[in-house]
Amino acid sequence: MAKDDVSATGSKSKTNSKAAKKKEVKKETGLGLSTKKDDNFGEWYSEVVVNGEMIEYYDISGCYILRPWTMAIWEVLQVFFDAEIKKMKIKNCYFPLFVTPDVLQREKDHVEGFAPEVAWVTKSGNTDLDVHIAIRPTSETVMYPYFSKWIRGHRDLPLRLNQWCNVVRWEFSHPTPFIRSREFLWQEGHTAFATKEEADEEVLQILELYRRIYEEFLAIPVVKGKKSELEKFAGGLYTTSVEAFIPNTGRGIQGATSHCLGQNFSKMFEINFENEKGEKGLVWQNSWAYSTRTLGVMVMVHGDDKGLVLPPKVASVQVIVVPVPYKDADTQAIFAACSETVKKLSEAGFRVEEDLRDNYSPGWKYSHWEMKGVPLRIEIGPKDLANKQVRVVRRDNSAKVDIPMDNLIEEVKDILSKIQESMFDAAKQKRDACIKVIKTWDEFTVALNEKKMILAPWCDEEEVEKDVKARTKGEMGAAKTLCIPFDQPELPEGTACFASGKPAKKWSYWGRSY
């Protein structure tokens with residue numbers, strides 16, 4: 001509601017125009033979500049990412065405009081990850097977007113895994129191209145011909161590169177902003193080593209950075225583990241991942257992956273080196289990536305019926321300061337106090353803004369910044385001014401507290417830290433409540449229908465996983481292994497696989513997934 005409307009009085013016609021104006025403003029602002037998270041999750045999610053100003057829909061299906069609110073969060077993660085990989089002596093580079101068919105098709109398993117998703121350039125203006133050119137779905141085949149050129153001897157190793165770029169994956173049926181889009185942003189690391197031990201070590205170092213992105217920055221609990229043979233990266237030796245879970249939909253979601261490619265690609269692309277003894281050998285390779293999907297997982301896990309809920313560590317604006325001038329209040333003094341508060345907090349290193357727009361009421365501003373997920377709101381009214389205090393309201397739990405101006409910086413720091421912690425704790429509690437340990441097929445099907453993340457003893461056979469997929473196929477999608485957790489519970493001797501009845505070899509997480 002516009003602030004001017006509140007004080008508008010007078011003739012009937014004035015009142016009518018006032019009502020029209022109210023309607024117009026409400027319609028124009030589109031505040032409030034029309035769908036609740038628990039009622040229709042898909043609709044709710046689409047509304048939140050648009051109304052929270054994270055994305056805008058584009059006129060090509062599966063492509064989205066990433067707005068500044070999104071890019072600010074992406075940049076926080078980028079700054080952290082980039083600094084960490086540089087400590088590991090990994091260097092940034094950039095390879096072209098295009099790849100020729102013969103190079104793309106050199107690693108057969110790899111290209112089969114990506115073939116349906118590859119977009120091709122077939123024309124230049126009105127002229128058909130003699131050779132069609134693929135747009136990268138990932139960059140193994142783009143980079144590795146040049147690895148073979150640059151690596152000659154053991155002194156050229158390790159070669160450790162990363163690029164921040166976009167990739168295009170065209171074919172899918174249900175585009176979802178951040179989660180499944182035709183073009184997305186990511187980083188992809190590609191490294192080569194003389195020994196498998198070095199490659200194995202890096203796989204886990206990178207996976208730990210991905211865990212930190214989710215747990216320390218986005219306040220989302222994840223499980224670290226290994227993918228099954230069926231679910232591993234096409235053409236790789238083994239794949240590790242961090243897996244998140246969305247309680248509302250009962251679906252797992254692959255958060256990020258760190259692959260050991262073994263020597264498969266080095267065979268195909270002839271990436272050889274000579275060791276200290278003058279012996280020829282193939283390099284051991286890794287590739288690893290996380291993408292803007294991370295942001296979709298954050299929205300799904302933390303968002304509520306008022307909109308986004310952003311963890312303070314990544315929020316573009318951590319604190320919003322809103323003046324609350326009552327009738328006859330000294331508006332200028334209140335505005336000055338707001339600006340002073342912003343200055344103080346900015347100088348202390350917080351990301352803070354003030355909302356001094358005079359055509360919106362305080363209530364409208366509260367809803368607007370709640371929709372955008374700002375972790376902390378500071379309200380300053382006449383009473384606060386008189387008492388030399390501010391009213392502080394948390395976005396995650398709506399808790400309100402008055403704090404003295406003198407303690408402002410310490411208190412805000414403390415509250416933001418508590419918000420970050422309690423968001424993670426709340427998400428972990430919800431996720432843990434969805435984990436169901438089962439032993440038999442009957443228990444498995446019940447747990448699957450209850451939208452659980454299922455931990456089950458498994459014989460670790462590919463045919464059995466295919467069989468589980470086939471037996472659970474339905475409208476909701478088939479169940480599959482999410483990951484084999486590194487943190488394995490004890491497996492008593494004689495435990496049978498829940499699906500085949502054969503001796504179980506390990507515990508594995510199962511469920512439906514995005």
# chains A, B, ... in the order shown; residues from 1 in each chain; ligands from 1

call {"tool": "residues_around", "arguments": {"residues": "Ser417 of chain A", "least_positions_apart": "5", "cutoff": "9 Å", "atoms": "only C-alpha atoms", "output": "tab-separated table (two decimals) with N, CA, C and O atoms, in the first residue's frame"}}
result
chain	number	residue	atom	x	y	z
A	312	PRO	N	22.69	-15.84	5.75
A	312	PRO	CA	23.45	-14.58	5.82
A	312	PRO	C	24.79	-14.61	5.08
A	312	PRO	O	25.19	-13.61	4.51
A	313	LYS	N	25.46	-15.77	5.07
A	313	LYS	CA	26.79	-15.82	4.44
A	313	LYS	C	26.75	-15.53	2.94
A	313	LYS	O	27.74	-15.08	2.38
A	412	VAL	N	24.33	-7.41	15.84
A	412	VAL	CA	24.00	-7.82	14.47
A	412	VAL	C	24.90	-8.98	14.05
A	412	VAL	O	24.43	-9.98	13.46
A	422	SER	N	21.17	-21.71	12.83
A	422	SER	CA	19.85	-22.32	13.04
A	422	SER	C	19.19	-22.73	11.72
A	422	SER	O	18.42	-23.68	11.68

call {"tool": "residues_around", "arguments": {"residues": "Thr257 of chain A", "least_positions_apart": "6", "cutoff": "9 Å", "atoms": "only C-alpha atoms", "output": "PyMOL selection string"}}
result
chain A and resi 206-207+210+233+239-242+287-290

call {"tool": "atom_distance", "arguments": {"atom1": "atom CA of Thr294 of chain A", "atom2": "atom CA of Gly511 of chain A"}}
result
19.5 Å

call {"tool": "residues_around", "arguments": {"residues": "Arg377 of chain A", "least_positions_apart": "5", "cutoff": "9 Å", "atoms": "only C-alpha atoms", "output": "list in words"}}
result
Gln318, Val319, Ile320, Val321, Val322, Tyr366, Trp369, Glu370, Arg391, Val392, Val393, Arg394 and Arg395 of chain A

call {"tool": "write_last_selection", "arguments": {"atoms": "all heavy atoms", "output": "CSV table (one decimal), in the first residue's frame"}}
result
chain,number,residue,atom,x,y,z
A,318,GLN,N,22.4,-8.4,3.6
A,318,GLN,CA,22.3,-9.2,4.9
A,318,GLN,C,21.3,-8.5,5.8
A,318,GLN,O,20.6,-9.1,6.6
A,318,GLN,CB,23.6,-9.3,5.6
A,318,GLN,CG,24.6,-10.2,4.8
A,318,GLN,CD,26.0,-10.1,5.4
A,318,GLN,OE1,26.5,-9.0,5.6
A,318,GLN,NE2,26.7,-11.2,5.5
A,319,VAL,N,21.3,-7.1,5.7
A,319,VAL,CA,20.5,-6.3,6.6
A,319,VAL,C,19.8,-5.3,5.8
A,319,VAL,O,20.4,-4.5,5.0
A,319,VAL,CB,21.3,-5.7,7.7
A,319,VAL,CG1,20.4,-4.9,8.7
A,319,VAL,CG2,22.2,-6.7,8.5
A,320,ILE,N,18.4,-5.1,6.0
A,320,ILE,CA,17.7,-4.0,5.4
A,320,ILE,C,17.2,-3.1,6.5
A,320,ILE,O,16.6,-3.6,7.5
A,320,ILE,CB,16.5,-4.6,4.5
A,320,ILE,CG1,15.9,-3.4,3.7
A,320,ILE,CG2,15.5,-5.4,5.2
A,320,ILE,CD1,16.7,-2.8,2.7
A,321,VAL,N,17.4,-1.8,6.3
A,321,VAL,CA,17.0,-0.9,7.4
A,321,VAL,C,15.7,-0.1,6.8
A,321,VAL,O,15.7,0.4,5.8
A,321,VAL,CB,18.1,0.1,7.7
A,321,VAL,CG1,17.6,1.1,8.8
A,321,VAL,CG2,19.3,-0.6,8.2
A,322,VAL,N,14.6,-0.2,7.6
A,322,VAL,CA,13.3,0.4,7.2
A,322,VAL,C,12.9,1.4,8.2
A,322,VAL,O,12.7,1.1,9.4
A,322,VAL,CB,12.3,-0.7,7.0
A,322,VAL,CG1,10.9,-0.1,6.6
A,322,VAL,CG2,12.7,-1.8,6.1
A,366,TYR,N,8.2,-4.4,4.5
A,366,TYR,CA,8.5,-5.6,5.2
A,366,TYR,C,8.2,-6.8,4.3
A,366,TYR,O,9.1,-7.7,4.2
A,366,TYR,CB,7.6,-5.8,6.5
A,366,TYR,CG,7.7,-4.7,7.5
A,366,TYR,CD1,6.8,-4.6,8.5
A,366,TYR,CD2,8.8,-3.8,7.5
A,366,TYR,CE1,6.9,-3.6,9.5
A,366,TYR,CE2,8.9,-2.8,8.5
A,366,TYR,CZ,8.0,-2.7,9.5
A,366,TYR,OH,8.1,-1.7,10.4
A,369,TRP,N,10.9,-7.2,1.4
A,369,TRP,CA,12.2,-7.7,1.7
A,369,TRP,C,12.1,-9.1,2.3
A,369,TRP,O,13.1,-9.9,2.2
A,369,TRP,CB,12.9,-6.7,2.7
A,369,TRP,CG,13.2,-5.4,2.0
A,369,TRP,CD1,12.6,-4.2,2.1
A,369,TRP,CD2,14.2,-5.2,0.9
A,369,TRP,NE1,13.1,-3.3,1.3
A,369,TRP,CE2,14.1,-3.9,0.5
A,369,TRP,CE3,15.1,-6.0,0.3
A,369,TRP,CZ2,14.9,-3.3,-0.5
A,369,TRP,CZ3,15.9,-5.5,-0.7
A,369,TRP,CH2,15.8,-4.1,-1.1
A,370,GLU,N,11.0,-9.5,2.9
A,370,GLU,CA,10.8,-10.9,3.3
A,370,GLU,C,10.7,-11.8,2.0
A,370,GLU,O,11.3,-12.9,2.0
A,370,GLU,CB,9.5,-11.0,4.1
A,370,GLU,CG,9.7,-10.6,5.5
A,370,GLU,CD,8.4,-10.5,6.3
A,370,GLU,OE1,7.3,-10.7,5.7
A,370,GLU,OE2,8.4,-10.3,7.5
A,391,ARG,N,14.7,-1.8,16.4
A,391,ARG,CA,14.0,-3.1,16.5
A,391,ARG,C,14.6,-4.0,15.4
A,391,ARG,O,14.7,-3.6,14.2
A,391,ARG,CB,12.5,-2.8,16.2
A,391,ARG,CG,11.6,-4.0,15.8
A,391,ARG,CD,11.3,-5.0,16.9
A,391,ARG,NE,10.8,-4.5,18.2
A,391,ARG,CZ,9.5,-4.4,18.5
A,391,ARG,NH1,8.6,-4.8,17.6
A,391,ARG,NH2,9.2,-4.0,19.7
A,392,VAL,N,15.0,-5.2,15.8
A,392,VAL,CA,15.6,-6.2,14.8
A,392,VAL,C,14.6,-7.4,14.7
A,392,VAL,O,14.2,-7.9,15.6
A,392,VAL,CB,16.9,-6.6,15.4
A,392,VAL,CG1,17.5,-7.7,14.5
A,392,VAL,CG2,17.9,-5.4,15.4
A,393,VAL,N,14.4,-7.7,13.4
A,393,VAL,CA,13.5,-8.9,13.1
A,393,VAL,C,14.2,-9.9,12.2
A,393,VAL,O,14.7,-9.5,11.1
A,393,VAL,CB,12.2,-8.4,12.4
A,393,VAL,CG1,11.2,-9.5,12.2
A,393,VAL,CG2,11.5,-7.2,13.1
A,394,ARG,N,14.2,-11.1,12.7
A,394,ARG,CA,14.8,-12.2,11.9
A,394,ARG,C,13.9,-12.7,10.8
A,394,ARG,O,12.7,-12.9,11.0
A,394,ARG,CB,15.2,-13.4,12.8
A,394,ARG,CG,16.4,-13.1,13.6
A,394,ARG,CD,16.7,-14.2,14.7
A,394,ARG,NE,16.8,-15.6,14.1
A,394,ARG,CZ,17.5,-16.5,14.8
A,394,ARG,NH1,18.0,-16.3,16.0
A,394,ARG,NH2,17.5,-17.7,14.2
A,395,ARG,N,14.5,-13.0,9.6
A,395,ARG,CA,13.6,-13.6,8.5
A,395,ARG,C,13.3,-15.0,8.7
A,395,ARG,O,12.3,-15.5,8.4
A,395,ARG,CB,14.4,-13.4,7.2
A,395,ARG,CG,13.7,-14.1,6.0
A,395,ARG,CD,12.4,-13.5,5.7
A,395,ARG,NE,11.7,-14.1,4.5
A,395,ARG,CZ,10.9,-15.2,4.7
A,395,ARG,NH1,10.7,-15.7,5.9
A,395,ARG,NH2,10.3,-15.7,3.6

call {"tool": "residues_around", "arguments": {"residues": "Ala333 of chain A", "least_positions_apart": "6", "cutoff": "12 Å", "atoms": "only C-alpha atoms", "output": "list of chain:residue names"}}
result
A:Pro323, A:Val324, A:Pro325, A:Ser339, A:Glu340, A:Ile380, A:Gly381, A:Pro382, A:Lys383, A:Asp384, A:Leu385, A:Ala386

call {"tool": "select_by_dssp", "arguments": {"residues": "segment 236-436 of chain A", "states": "strand (DSSP E)", "output": "PyMOL selection string"}}
result
chain A and resi 238-246+251-262+272-274+280-282+284-291+319-323+352-354+376-380+389-394+400-404+435-436

call {"tool": "closest_residue", "arguments": {"among": "A:Val401, A:Ile246, A:Leu491, A:Leu482", "to": "Cys434 of chain A", "atoms": "only C-alpha atoms"}}
result
A:Ile246

call {"tool": "atom_distance", "arguments": {"atom1": "atom CA of Trp170 of chain A", "atom2": "atom CA of Lys37 of chain A"}}
result
28.8 Å

call {"tool": "residues_around", "arguments": {"residues": "Gln420 of chain A", "least_positions_apart": "3", "cutoff": "7 Å", "atoms": "only C-alpha atoms", "output": "list in words"}}
result
Ala219, Pro311, Pro312, Leu416, Ser417, Met423 and Phe424 of chain A

call {"tool": "select_by_dssp", "arguments": {"residues": "segment 276-456 of chain A", "states": "alpha helix (DSSP H)", "output": "NGL selection string"}}
result
:A and (293-302 or 331-347 or 362-371 or 382-387 or 408-434 or 441-449)

call {"tool": "residues_around", "arguments": {"residues": "Glu215 of chain A", "least_positions_apart": "6", "cutoff": "10 Å", "atoms": "only C-alpha atoms", "output": "NGL selection string"}}
result
:A and (209 or 221-222 or 420-421 or 424 or 428)

call {"tool": "write_last_selection", "arguments": {"atoms": "N, CA and C atoms", "output": "mmCIF file, in the first residue's frame"}}
result
data_model
loop_
_atom_site.group_PDB
_atom_site.id
_atom_site.type_symbol
_atom_site.label_atom_id
_atom_site.label_comp_id
_atom_site.auth_asym_id
_atom_site.auth_seq_id
_atom_site.Cartn_x
_atom_site.Cartn_y
_atom_site.Cartn_z
ATOM 1 N N LEU A 209 35.445 -29.346 -0.513
ATOM 2 C CA LEU A 209 35.091 -27.945 -0.816
ATOM 3 C C LEU A 209 33.617 -27.834 -1.198
ATOM 4 N N PRO A 221 22.422 -29.483 4.630
ATOM 5 C CA PRO A 221 23.166 -30.713 4.938
ATOM 6 C C PRO A 221 23.293 -31.601 3.700
ATOM 7 N N VAL A 222 24.446 -32.209 3.520
ATOM 8 C CA VAL A 222 24.656 -33.114 2.385
ATOM 9 C C VAL A 222 25.335 -34.398 2.854
ATOM 10 N N GLN A 420 22.497 -18.204 10.575
ATOM 11 C CA GLN A 420 23.202 -19.156 9.706
ATOM 12 C C GLN A 420 23.182 -20.554 10.342
ATOM 13 N N GLU A 421 23.484 -20.584 11.622
ATOM 14 C CA GLU A 421 23.551 -21.853 12.359
ATOM 15 C C GLU A 421 22.174 -22.512 12.466
ATOM 16 N N PHE A 424 20.881 -24.061 9.215
ATOM 17 C CA PHE A 424 21.475 -25.377 8.944
ATOM 18 C C PHE A 424 20.848 -26.439 9.848
ATOM 19 N N LYS A 428 18.784 -29.687 8.660
ATOM 20 C CA LYS A 428 19.307 -31.028 8.982
ATOM 21 C C LYS A 428 18.249 -31.859 9.712
#

call {"tool": "closest_residue", "arguments": {"among": "A:Lys436, A:Phe350, A:Pro68, A:Met453", "to": "Lys413 of chain A", "atoms": "only C-alpha atoms"}}
result
A:Phe350

call {"tool": "residues_around", "arguments": {"residues": "Asn162 of chain A", "least_positions_apart": "6", "cutoff": "6 Å", "atoms": "only C-alpha atoms", "output": "NGL selection string"}}
result
:A and (92 or 188-189)
